[in-house]
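One file, data_25.tsv, carrying TSV, C-alpha atoms:
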```tsv
chain	number	residue	atom	x	y	z
V	6	MET	CA	0.00	0.00	0.00
V	7	VAL	CA	1.20	3.51	-0.77
V	8	LEU	CA	-0.12	6.95	0.00
V	9	ILE	CA	0.12	9.46	-2.87
V	10	GLU	CA	1.33	12.88	-1.78
V	11	ARG	CA	-0.91	15.21	-3.72
V	12	GLN	CA	0.73	18.42	-2.45
V	13	ALA	CA	4.26	17.66	-3.69
V	14	PRO	CA	5.80	20.74	-5.37
V	15	LEU	CA	6.00	20.28	-9.15
V	16	ASP	CA	7.59	22.75	-11.54
V	17	PHE	CA	5.10	21.95	-14.29
V	18	HIS	CA	2.47	23.91	-16.21
V	19	LEU	CA	0.03	22.16	-18.53
V	20	ALA	CA	0.16	24.98	-21.08
V	21	ALA	CA	3.91	24.52	-21.44
V	22	ALA	CA	3.38	20.89	-22.45
V	23	GLU	CA	1.27	21.79	-25.47
V	24	PHE	CA	2.63	20.26	-28.68
V	25	GLN	CA	4.73	22.63	-30.74
V	26	ILE	CA	5.67	22.01	-34.36
V	27	PRO	CA	9.43	21.33	-34.32
V	28	ASP	CA	11.96	23.32	-36.30
V	29	LYS	CA	11.86	21.47	-39.66
V	30	GLU	CA	15.42	22.18	-40.74
V	31	LYS	CA	17.05	21.27	-37.41
V	32	LEU	CA	15.01	18.10	-36.91
V	33	GLU	CA	15.47	16.98	-40.54
V	34	ASN	CA	19.24	17.41	-40.24
V	35	SER	CA	19.32	15.38	-37.02
V	36	LEU	CA	17.13	12.59	-38.41
V	37	ASN	CA	19.16	12.40	-41.64
V	38	LYS	CA	22.42	12.27	-39.68
V	39	LEU	CA	21.14	9.41	-37.52
V	40	GLY	CA	19.66	7.49	-40.45
V	41	PHE	CA	15.96	7.94	-39.53
V	42	GLN	CA	14.82	9.25	-42.93
V	43	SER	CA	11.57	7.28	-42.77
V	44	LEU	CA	10.39	9.44	-39.85
V	45	ILE	CA	10.64	12.69	-41.81
V	46	PRO	CA	7.52	12.21	-43.98
V	47	LYS	CA	5.60	10.98	-40.93
V	48	ILE	CA	6.36	14.22	-39.09
V	49	PHE	CA	6.24	16.78	-41.88
V	50	GLY	CA	4.26	14.96	-44.56
V	51	ALA	CA	5.53	13.30	-47.71
V	52	THR	CA	8.13	15.17	-49.72
V	53	LYS	CA	7.83	14.97	-53.45
V	54	VAL	CA	10.60	12.80	-54.86
V	55	LYS	CA	12.64	14.46	-57.57
V	56	THR	CA	12.56	12.68	-60.90
V	57	LEU	CA	15.85	12.81	-62.76
V	58	GLU	CA	16.33	11.11	-66.08
V	59	GLN	CA	19.45	10.72	-68.17
V	60	THR	CA	19.37	9.79	-71.81
V	61	GLU	CA	21.82	7.39	-73.37
V	62	GLU	CA	23.46	10.35	-75.14
V	63	SER	CA	24.99	11.31	-71.76
V	64	LEU	CA	27.08	8.13	-71.84
V	65	ALA	CA	30.20	8.65	-73.98
V	66	ILE	CA	31.04	5.29	-75.56
V	67	ILE	CA	34.70	4.76	-76.41
V	68	ASN	CA	34.96	3.63	-80.04
V	69	VAL	CA	38.45	4.72	-81.11
V	70	PHE	CA	41.88	4.50	-79.49
V	71	SER	CA	42.33	8.28	-79.42
V	72	ASP	CA	39.25	8.65	-77.21
V	73	LEU	CA	40.47	5.79	-75.03
V	74	GLN	CA	43.77	7.58	-74.50
V	75	LYS	CA	41.96	10.80	-73.53
V	76	LEU	CA	39.91	8.86	-70.98
V	77	ILE	CA	43.04	7.25	-69.53
V	78	GLU	CA	44.68	10.67	-69.11
V	79	LYS	CA	41.51	11.95	-67.43
V	80	ILE	CA	41.53	9.02	-64.98
V	81	LYS	CA	45.18	9.71	-64.13
V	82	GLN	CA	44.30	13.28	-63.16
V	83	GLU	CA	41.26	12.45	-61.00
V	84	LYS	CA	41.38	11.49	-57.31
V	85	ILE	CA	37.90	9.93	-57.23
V	86	VAL	CA	36.74	7.50	-59.93
V	87	ALA	CA	33.57	5.40	-60.05
V	88	ILE	CA	33.50	2.13	-61.99
V	89	LEU	CA	30.59	-0.15	-62.84
V	90	LEU	CA	30.85	-3.47	-64.66
V	91	ASP	CA	28.36	-4.13	-67.43
V	92	PHE	CA	27.62	-7.86	-67.60
V	93	GLN	CA	25.00	-10.56	-68.06
V	94	GLY	CA	24.63	-13.56	-65.76
V	95	GLU	CA	24.82	-13.80	-62.01
V	96	ARG	CA	27.37	-16.50	-61.22
V	97	TRP	CA	31.12	-16.65	-61.59
V	98	GLY	CA	32.01	-18.59	-64.73
V	99	GLU	CA	28.64	-17.88	-66.32
V	100	ARG	CA	28.86	-14.10	-66.69
V	101	LYS	CA	29.41	-12.37	-70.01
V	102	VAL	CA	31.24	-9.07	-69.47
V	103	LYS	CA	30.25	-6.44	-72.03
V	104	GLY	CA	32.03	-3.33	-70.83
V	105	LEU	CA	33.07	-1.02	-68.01
V	106	GLY	CA	31.38	2.23	-67.06
V	107	ILE	CA	33.47	5.05	-65.60
V	108	SER	CA	32.28	8.29	-64.02
V	109	PHE	CA	33.79	11.25	-62.19
V	110	PRO	CA	32.63	13.68	-59.46
V	111	HIS	CA	31.59	16.34	-61.97
V	112	GLY	CA	29.21	13.91	-63.66
V	113	ASP	CA	30.88	12.83	-66.94
V	114	LEU	CA	29.99	9.25	-67.90
V	115	PHE	CA	32.13	6.99	-70.10
V	116	TYR	CA	31.80	3.44	-71.36
V	117	VAL	CA	34.73	1.20	-72.32
V	118	PRO	CA	33.58	-1.81	-74.41
V	119	GLN	CA	35.16	-5.15	-73.55
V	120	ARG	CA	37.22	-5.16	-76.76
V	121	PHE	CA	39.20	-2.18	-75.40
V	122	PHE	CA	39.99	-3.79	-72.03
V	123	GLU	CA	43.46	-5.01	-73.03
V	124	PRO	CA	44.86	-1.60	-74.13
V	125	PHE	CA	42.95	0.14	-71.32
V	126	PHE	CA	44.47	-1.94	-68.53
V	127	ALA	CA	47.88	-2.03	-70.24
V	128	GLU	CA	48.26	1.63	-69.29
V	129	LYS	CA	49.93	2.25	-65.94
V	130	ILE	CA	47.17	3.84	-63.88
V	131	ASN	CA	47.96	4.18	-60.19
V	132	TRP	CA	44.63	2.74	-58.98
V	133	PRO	CA	45.72	2.39	-55.29
V	134	ALA	CA	46.24	6.17	-55.14
V	135	LYS	CA	42.61	6.81	-56.06
V	136	LYS	CA	39.30	6.52	-54.25
V	137	ILE	CA	37.44	3.95	-56.35
V	138	ILE	CA	33.66	3.81	-55.94
V	139	SER	CA	31.50	0.95	-57.16
V	140	PHE	CA	28.55	-1.33	-56.48
V	141	GLU	CA	29.07	-5.05	-55.76
V	142	ALA	CA	32.86	-4.86	-55.81
V	143	LYS	CA	33.07	-8.64	-55.38
V	144	ILE	CA	31.96	-9.12	-58.99
V	145	ILE	CA	34.61	-6.67	-60.19
V	146	PHE	CA	37.30	-8.61	-58.32
V	147	GLU	CA	36.03	-11.84	-59.88
V	148	GLU	CA	35.95	-10.56	-63.45
V	149	LEU	CA	38.84	-8.08	-63.58
V	150	ASN	CA	42.22	-9.30	-62.37
V	151	GLU	CA	43.52	-5.72	-62.47
V	152	PHE	CA	41.62	-5.07	-59.22
V	153	SER	CA	43.06	-7.69	-56.89
V	154	LEU	CA	43.43	-5.60	-53.72
V	155	PRO	CA	40.71	-4.30	-51.36
V	156	LEU	CA	40.69	-0.92	-53.09
V	157	ILE	CA	37.03	-0.40	-53.85
V	158	GLU	CA	34.37	1.42	-51.84
V	159	ASP	CA	31.31	-0.84	-52.18
V	160	ILE	CA	28.07	1.15	-51.88
V	161	LYS	CA	25.96	-1.97	-51.41
V	162	ILE	CA	27.94	-3.20	-48.39
V	163	LEU	CA	28.17	0.32	-46.91
V	164	ALA	CA	24.37	0.59	-47.12
V	165	TRP	CA	24.09	-2.82	-45.44
V	166	LEU	CA	26.32	-1.60	-42.60
V	167	LEU	CA	23.92	1.28	-42.03
V	168	ASP	CA	20.83	-0.94	-42.03
V	169	ALA	CA	21.31	-4.71	-42.01
V	170	ASP	CA	17.53	-5.26	-41.91
V	171	ARG	CA	16.80	-3.36	-45.09
V	172	LYS	CA	14.80	-5.40	-47.59
V	173	ASN	CA	16.12	-3.91	-50.84
V	174	TYR	CA	19.73	-2.93	-51.59
V	175	ASP	CA	19.11	-2.29	-55.30
V	176	ILE	CA	21.02	0.81	-56.41
V	177	PHE	CA	17.85	2.61	-57.53
V	178	SER	CA	16.14	1.83	-54.22
V	179	LEU	CA	19.17	3.24	-52.39
V	180	GLY	CA	19.14	6.31	-54.62
V	181	LYS	CA	15.50	6.95	-53.81
V	182	PHE	CA	16.12	6.52	-50.08
V	183	PHE	CA	19.39	8.41	-49.61
V	184	LEU	CA	19.19	11.00	-52.41
V	185	ARG	CA	15.42	11.40	-52.81
V	186	GLN	CA	15.90	10.77	-56.51
V	187	GLU	CA	13.89	8.43	-58.67
V	188	ARG	CA	15.57	7.38	-61.90
V	189	GLU	CA	14.67	5.12	-64.78
V	190	HIS	CA	16.48	1.80	-64.58
V	191	SER	CA	19.41	1.86	-66.99
V	192	PHE	CA	23.15	1.27	-66.91
V	193	GLU	CA	24.01	4.95	-67.35
V	194	ASN	CA	21.69	5.98	-64.52
V	195	SER	CA	23.28	3.35	-62.25
V	196	LEU	CA	26.69	4.76	-63.14
V	197	ALA	CA	25.55	8.32	-62.50
V	198	LEU	CA	24.28	7.39	-59.01
V	199	LEU	CA	27.56	5.92	-57.73
V	200	ILE	CA	29.46	8.98	-56.52
V	201	PRO	CA	26.46	10.95	-55.12
V	202	LEU	CA	25.28	7.81	-53.30
V	203	TRP	CA	28.73	7.13	-51.88
V	204	GLU	CA	29.02	10.73	-50.63
V	205	ALA	CA	25.63	10.54	-48.89
V	206	ILE	CA	26.24	7.11	-47.35
V	207	GLN	CA	29.81	7.90	-46.31
V	208	LYS	CA	28.60	10.84	-44.21
V	209	LYS	CA	26.32	8.51	-42.26
V	210	ILE	CA	29.06	5.88	-41.90
V	211	THR	CA	31.28	8.57	-40.34
V	212	ALA	CA	28.49	9.93	-38.12
V	213	LEU	CA	27.71	6.46	-36.77
V	214	GLN	CA	31.43	5.66	-36.30
V	215	LEU	CA	31.34	2.63	-38.62
V	216	GLU	CA	34.44	3.57	-40.59
V	217	GLY	CA	36.61	1.16	-38.59
V	218	VAL	CA	34.26	-1.77	-39.24
V	219	TRP	CA	34.28	-1.00	-42.94
V	220	GLN	CA	38.04	-0.47	-43.33
V	221	GLU	CA	39.23	-3.25	-41.02
V	222	VAL	CA	36.59	-5.97	-41.44
V	223	GLU	CA	34.19	-5.67	-44.37
V	224	LYS	CA	36.39	-4.06	-47.04
V	225	PRO	CA	39.34	-6.51	-46.76
V	226	LEU	CA	36.86	-9.40	-46.84
V	227	ILE	CA	35.54	-8.60	-50.35
V	228	PRO	CA	38.49	-9.99	-52.38
V	229	ILE	CA	38.63	-13.00	-50.06
V	230	LEU	CA	34.98	-13.84	-50.78
V	231	SER	CA	35.67	-13.27	-54.46
V	232	SER	CA	38.58	-15.73	-54.37
V	233	MET	CA	36.45	-18.28	-52.51
V	234	GLU	CA	33.72	-18.10	-55.15
V	235	LYS	CA	36.23	-18.47	-57.98
V	236	SER	CA	37.98	-21.43	-56.32
V	237	GLY	CA	34.85	-23.19	-55.11
V	238	ILE	CA	34.70	-25.66	-52.24
```
Rewrite the structure of this file - the entire thing - as structure tokens.
Amino acid sequence: MVLIERQAPLDFHLAAAEFQIPDKEKLENSLNKLGFQSLIPKIFGATKVKTLEQTEESLAIINVFSDLQKLIEKIKQEKIVAILLDFQGERWGERKVKGLGISFPHGDLFYVPQRFFEPFFAEKINWPAKKIISFEAKIIFEELNEFSLPLIEDIKILAWLLDADRKNYDIFSLGKFFLRQEREHSFENSLALLIPLWEAIQKKITALQLEGVWQEVEKPLIPILSSMEKSGI
């Protein structure tokens, strides 16, 4: 049995507890930083998703050796490069590689057909000195021997680190969630999403102090898993 003291002094006024609409900018910034984007439309209402489309003309396809050499020189000058493998088939040994997409922070998109791979990789590009962004780096390690070290920032695994319970890690789903952009499904749009997505996800990785897990555990594991799949059991 207890006796409630009804005369206890309380520094509380009912009027002060009335709900106030929060500061939208401050709360949005905090929720984005902590990875609670799904709460934003519940609090402030749905935000219209931007629709961005890119035509195939935005993808510069390398067809002559002079253009290939210009692209190589451009890669040598850049510190951040995004790469995306164009292929058919899901399993190692069954894939047909068609080409390699390359993009840069300022948005230029290039496509190197498979027939140009030999002269492209014959050039001495200092890949370890660059920040290389991609999606499903394991497949790149399996199909391109030129990338045999844990060099690549893998957007798919970084997104998994942020939310291991997420149902869909498709690049367009991630673009809609992290960038509020809805794009038509195409290779060039996938390529165009890589660097903006990495920048947005990397900020959250840093804010949640997951950089160590990525650099020391997950990133070095990618080429090991690739080697395991190639070797088999």
Could you list, with a cut-off of 12 Å and counting only C-alpha atoms, the residues of region 116-225 of chain V near region 87-96 of chain V, each shown with its nearest atom pair and the distance in Å rounded to one decimal, rows sorted by chain and ascending number, as CSV?
```
residue,atom,partner,partner_atom,distance
V:Tyr116,CA,V:Asp91,CA,9.2
V:Val117,CA,V:Asp91,CA,9.6
V:Pro118,CA,V:Asp91,CA,9.0
V:Gln119,CA,V:Asp91,CA,9.2
V:Phe122,CA,V:Leu90,CA,11.7
V:Trp132,CA,V:Ala87,CA,11.4
V:Lys135,CA,V:Ala87,CA,10.0
V:Lys136,CA,V:Ala87,CA,8.2
V:Ile137,CA,V:Ala87,CA,5.5
V:Ile138,CA,V:Ala87,CA,4.4
V:Ser139,CA,V:Ile88,CA,5.4
V:Phe140,CA,V:Leu89,CA,6.8
V:Glu141,CA,V:Leu89,CA,8.7
V:Ala142,CA,V:Leu89,CA,8.8
V:Lys143,CA,V:Leu90,CA,10.9
V:Ile144,CA,V:Leu90,CA,8.1
V:Ile145,CA,V:Leu90,CA,6.7
V:Phe146,CA,V:Leu90,CA,10.4
V:Glu147,CA,V:Arg96,CA,9.9
V:Glu148,CA,V:Leu90,CA,8.8
V:Leu149,CA,V:Leu90,CA,9.3
V:Phe152,CA,V:Ile88,CA,11.2
V:Leu156,CA,V:Ala87,CA,11.8
V:Ile157,CA,V:Ala87,CA,9.2
V:Glu158,CA,V:Ala87,CA,9.2
V:Asp159,CA,V:Ala87,CA,10.3
V:Ile160,CA,V:Ala87,CA,10.7
V:Ile176,CA,V:Leu89,CA,11.6
V:Ser191,CA,V:Asp91,CA,10.8
V:Phe192,CA,V:Asp91,CA,7.5
V:Glu193,CA,V:Leu89,CA,9.5
V:Asn194,CA,V:Leu89,CA,10.9
V:Ser195,CA,V:Leu89,CA,8.1
V:Leu196,CA,V:Leu89,CA,6.3
V:Ala197,CA,V:Ala87,CA,8.9
V:Leu198,CA,V:Ala87,CA,9.6
V:Leu199,CA,V:Ala87,CA,6.5
V:Ile200,CA,V:Ala87,CA,6.5
V:Pro201,CA,V:Ala87,CA,10.3
V:Leu202,CA,V:Ala87,CA,11.0
V:Trp203,CA,V:Ala87,CA,9.7
V:Glu204,CA,V:Ala87,CA,11.7
```
| Which residue out of V:Trp97, V:Leu76, V:Ala13, V:Gln214 has the minimum interatomic distance to Gly237 (chain V) when all atoms listed in the file are used? |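 When distances to Gly237 (chain V) are compared using all atoms listed in the file, the smallest one comes from V:Trp97.
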| field | Nearest-residue call for Asn150 (chain V), choices V:Pro228, V:Pro14, V:Gly40, V:Pro110, using all atoms listed in the file | value |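 Checking each of V:Pro228, V:Pro14, V:Gly40, V:Pro110 against Asn150 (chain V), counting all atoms listed in the file, the winner is V:Pro228.
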| message | as a list in words, please: the residues near Phe115 (chain V) (cut-off 6 Å, all atoms listed in the file, same-chain neighbours under 6 positions excluded). | response |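 Neighbouring residues, sequence-local ones excluded: Leu64, Ala65, Ile66, Gly106 and Ile107 of chain V.
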Put the listed atoms of region 213-232 of chain V in a box along x, y and z with 6 Å added on every side and give me the centre and edge lengths in Å to one decimal, as JSON.
```
{"center_x": 33.5, "center_y": -4.6, "center_z": -45.4, "size_x": 23.6, "size_y": 34.2, "size_z": 30.2}
```
| query | Just how far from CA of His190 (chain V) is CA of Tyr174 (chain V), in Å to one decimal? | reply |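 Going from CA of Tyr174 (chain V) over to CA of His190 (chain V), I get 14.2 Å.
Using all atoms listed in the file, the nearest neighbour of Leu213 (chain V) within the list V:Leu167, V:Ala22, V:Ser43, V:Ser71 is V:Leu167.
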| Could you work out how far CA of Arg188 (chain V) lies from CA of Gly112 (chain V), giving the answer in Å with one decimal? |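 Separating CA of Gly112 (chain V) from CA of Arg188 (chain V) is a distance of 15.2 Å.
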| request: Pick out the closest residue to Ile26 (chain V) from this set: V:Ile9, V:Ile48, V:Phe126, V:Phe121. Count all atoms listed in the file. | output: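 Under the stated criterion, the closest residue is V:Ile48.
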| query | Can you tell me how far CA of Ala212 (chain V) sits from CA of Leu39 (chain V), in Å to one decimal? | reply |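 Going from CA of Ala212 (chain V) over to CA of Leu39 (chain V), I get 7.4 Å.
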| said: I'd like the contact shell of Lys129 (chain V) - 12 Å cut-off, all atoms listed in the file, skipping same-chain residues fewer than 6 positions apart - returned as a list in words. | reply: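 Using all atoms listed in the file, the neighbours found are Gln74, Ile77, Glu78, Ile80, Lys81 and Glu151 of chain V.
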| query | Hey, which of V:Lys161, V:Arg171, V:Lys181, V:Lys235 ends up closest to Trp219 (chain V)? Count all atoms listed in the file. | reply |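 Of the candidates, the smallest distance to Trp219 (chain V) is held by V:Lys161.
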Could you rebuild region 175-186 of chain V with all heavy atoms and give me the result as a compact mmCIF listing (two decimals), keeping the file's coordinate frame?
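What ended up in rebuild_30.txt:
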```txt
# COMPACT_ATOMS: atom_id res chain seq x y z
N ASP V 175 18.98 -2.68 -53.90
CA ASP V 175 19.11 -2.29 -55.30
C ASP V 175 19.57 -0.84 -55.37
O ASP V 175 19.15 0.00 -54.57
CB ASP V 175 17.75 -2.47 -55.99
CG ASP V 175 17.75 -1.93 -57.40
OD1 ASP V 175 18.20 -2.64 -58.30
OD2 ASP V 175 17.31 -0.78 -57.59
N ILE V 176 20.44 -0.53 -56.34
CA ILE V 176 21.02 0.81 -56.41
C ILE V 176 19.97 1.90 -56.60
O ILE V 176 20.10 3.00 -56.06
CB ILE V 176 22.10 0.88 -57.52
CG1 ILE V 176 22.89 2.18 -57.39
CG2 ILE V 176 21.48 0.72 -58.90
CD1 ILE V 176 24.15 2.21 -58.23
N PHE V 177 18.89 1.60 -57.32
CA PHE V 177 17.85 2.61 -57.53
C PHE V 177 17.01 2.80 -56.27
O PHE V 177 16.55 3.90 -55.98
CB PHE V 177 16.99 2.22 -58.73
CG PHE V 177 17.75 2.25 -60.02
CD1 PHE V 177 18.15 1.06 -60.63
CD2 PHE V 177 18.09 3.44 -60.62
CE1 PHE V 177 18.87 1.08 -61.80
CE2 PHE V 177 18.80 3.47 -61.81
CZ PHE V 177 19.20 2.29 -62.40
N SER V 178 16.82 1.72 -55.51
CA SER V 178 16.14 1.83 -54.22
C SER V 178 16.97 2.67 -53.25
O SER V 178 16.44 3.52 -52.52
CB SER V 178 15.89 0.44 -53.64
OG SER V 178 15.35 0.53 -52.33
N LEU V 179 18.29 2.45 -53.24
CA LEU V 179 19.17 3.24 -52.39
C LEU V 179 19.19 4.70 -52.82
O LEU V 179 19.22 5.61 -51.98
CB LEU V 179 20.59 2.67 -52.42
CG LEU V 179 20.77 1.25 -51.86
CD1 LEU V 179 22.22 0.81 -52.02
CD2 LEU V 179 20.36 1.19 -50.38
N GLY V 180 19.17 4.94 -54.13
CA GLY V 180 19.14 6.31 -54.62
C GLY V 180 17.88 7.05 -54.21
O GLY V 180 17.92 8.23 -53.85
N LYS V 181 16.77 6.34 -54.23
CA LYS V 181 15.50 6.95 -53.81
C LYS V 181 15.51 7.25 -52.32
O LYS V 181 15.01 8.29 -51.87
CB LYS V 181 14.35 6.01 -54.16
CG LYS V 181 12.97 6.59 -53.91
CD LYS V 181 11.89 5.64 -54.40
CE LYS V 181 10.50 6.22 -54.18
NZ LYS V 181 9.44 5.30 -54.66
N PHE V 182 16.12 6.36 -51.53
CA PHE V 182 16.12 6.52 -50.08
C PHE V 182 17.11 7.58 -49.62
O PHE V 182 16.77 8.47 -48.83
CB PHE V 182 16.45 5.18 -49.42
CG PHE V 182 16.43 5.21 -47.91
CD1 PHE V 182 15.24 5.23 -47.22
CD2 PHE V 182 17.62 5.24 -47.19
CE1 PHE V 182 15.21 5.27 -45.84
CE2 PHE V 182 17.60 5.27 -45.80
CZ PHE V 182 16.40 5.28 -45.13
N PHE V 183 18.34 7.52 -50.10
CA PHE V 183 19.39 8.41 -49.61
C PHE V 183 19.45 9.75 -50.34
O PHE V 183 19.86 10.76 -49.76
CB PHE V 183 20.76 7.73 -49.70
CG PHE V 183 20.97 6.63 -48.71
CD1 PHE V 183 20.87 5.30 -49.09
CD2 PHE V 183 21.25 6.92 -47.38
CE1 PHE V 183 21.06 4.28 -48.17
CE2 PHE V 183 21.43 5.91 -46.45
CZ PHE V 183 21.34 4.59 -46.85
N LEU V 184 19.07 9.77 -51.62
CA LEU V 184 19.19 11.00 -52.41
C LEU V 184 17.86 11.63 -52.75
O LEU V 184 17.83 12.73 -53.32
CB LEU V 184 19.95 10.70 -53.71
CG LEU V 184 21.36 10.12 -53.57
CD1 LEU V 184 21.94 9.79 -54.94
CD2 LEU V 184 22.28 11.09 -52.81
N ARG V 185 16.76 10.94 -52.43
CA ARG V 185 15.42 11.40 -52.81
C ARG V 185 15.32 11.61 -54.31
O ARG V 185 14.73 12.58 -54.79
CB ARG V 185 15.07 12.70 -52.06
CG ARG V 185 15.08 12.60 -50.55
CD ARG V 185 14.08 11.54 -50.10
NE ARG V 185 14.09 11.36 -48.67
CZ ARG V 185 13.25 11.94 -47.83
NH1 ARG V 185 12.34 12.77 -48.30
NH2 ARG V 185 13.30 11.71 -46.54
N GLN V 186 15.93 10.71 -55.05
CA GLN V 186 15.90 10.77 -56.51
C GLN V 186 15.34 9.47 -57.07
O GLN V 186 15.73 8.40 -56.63
CB GLN V 186 17.31 10.99 -57.08
CG GLN V 186 17.92 12.32 -56.69
CD GLN V 186 19.31 12.48 -57.25
OE1 GLN V 186 19.79 11.66 -58.03
NE2 GLN V 186 20.00 13.55 -56.86
```
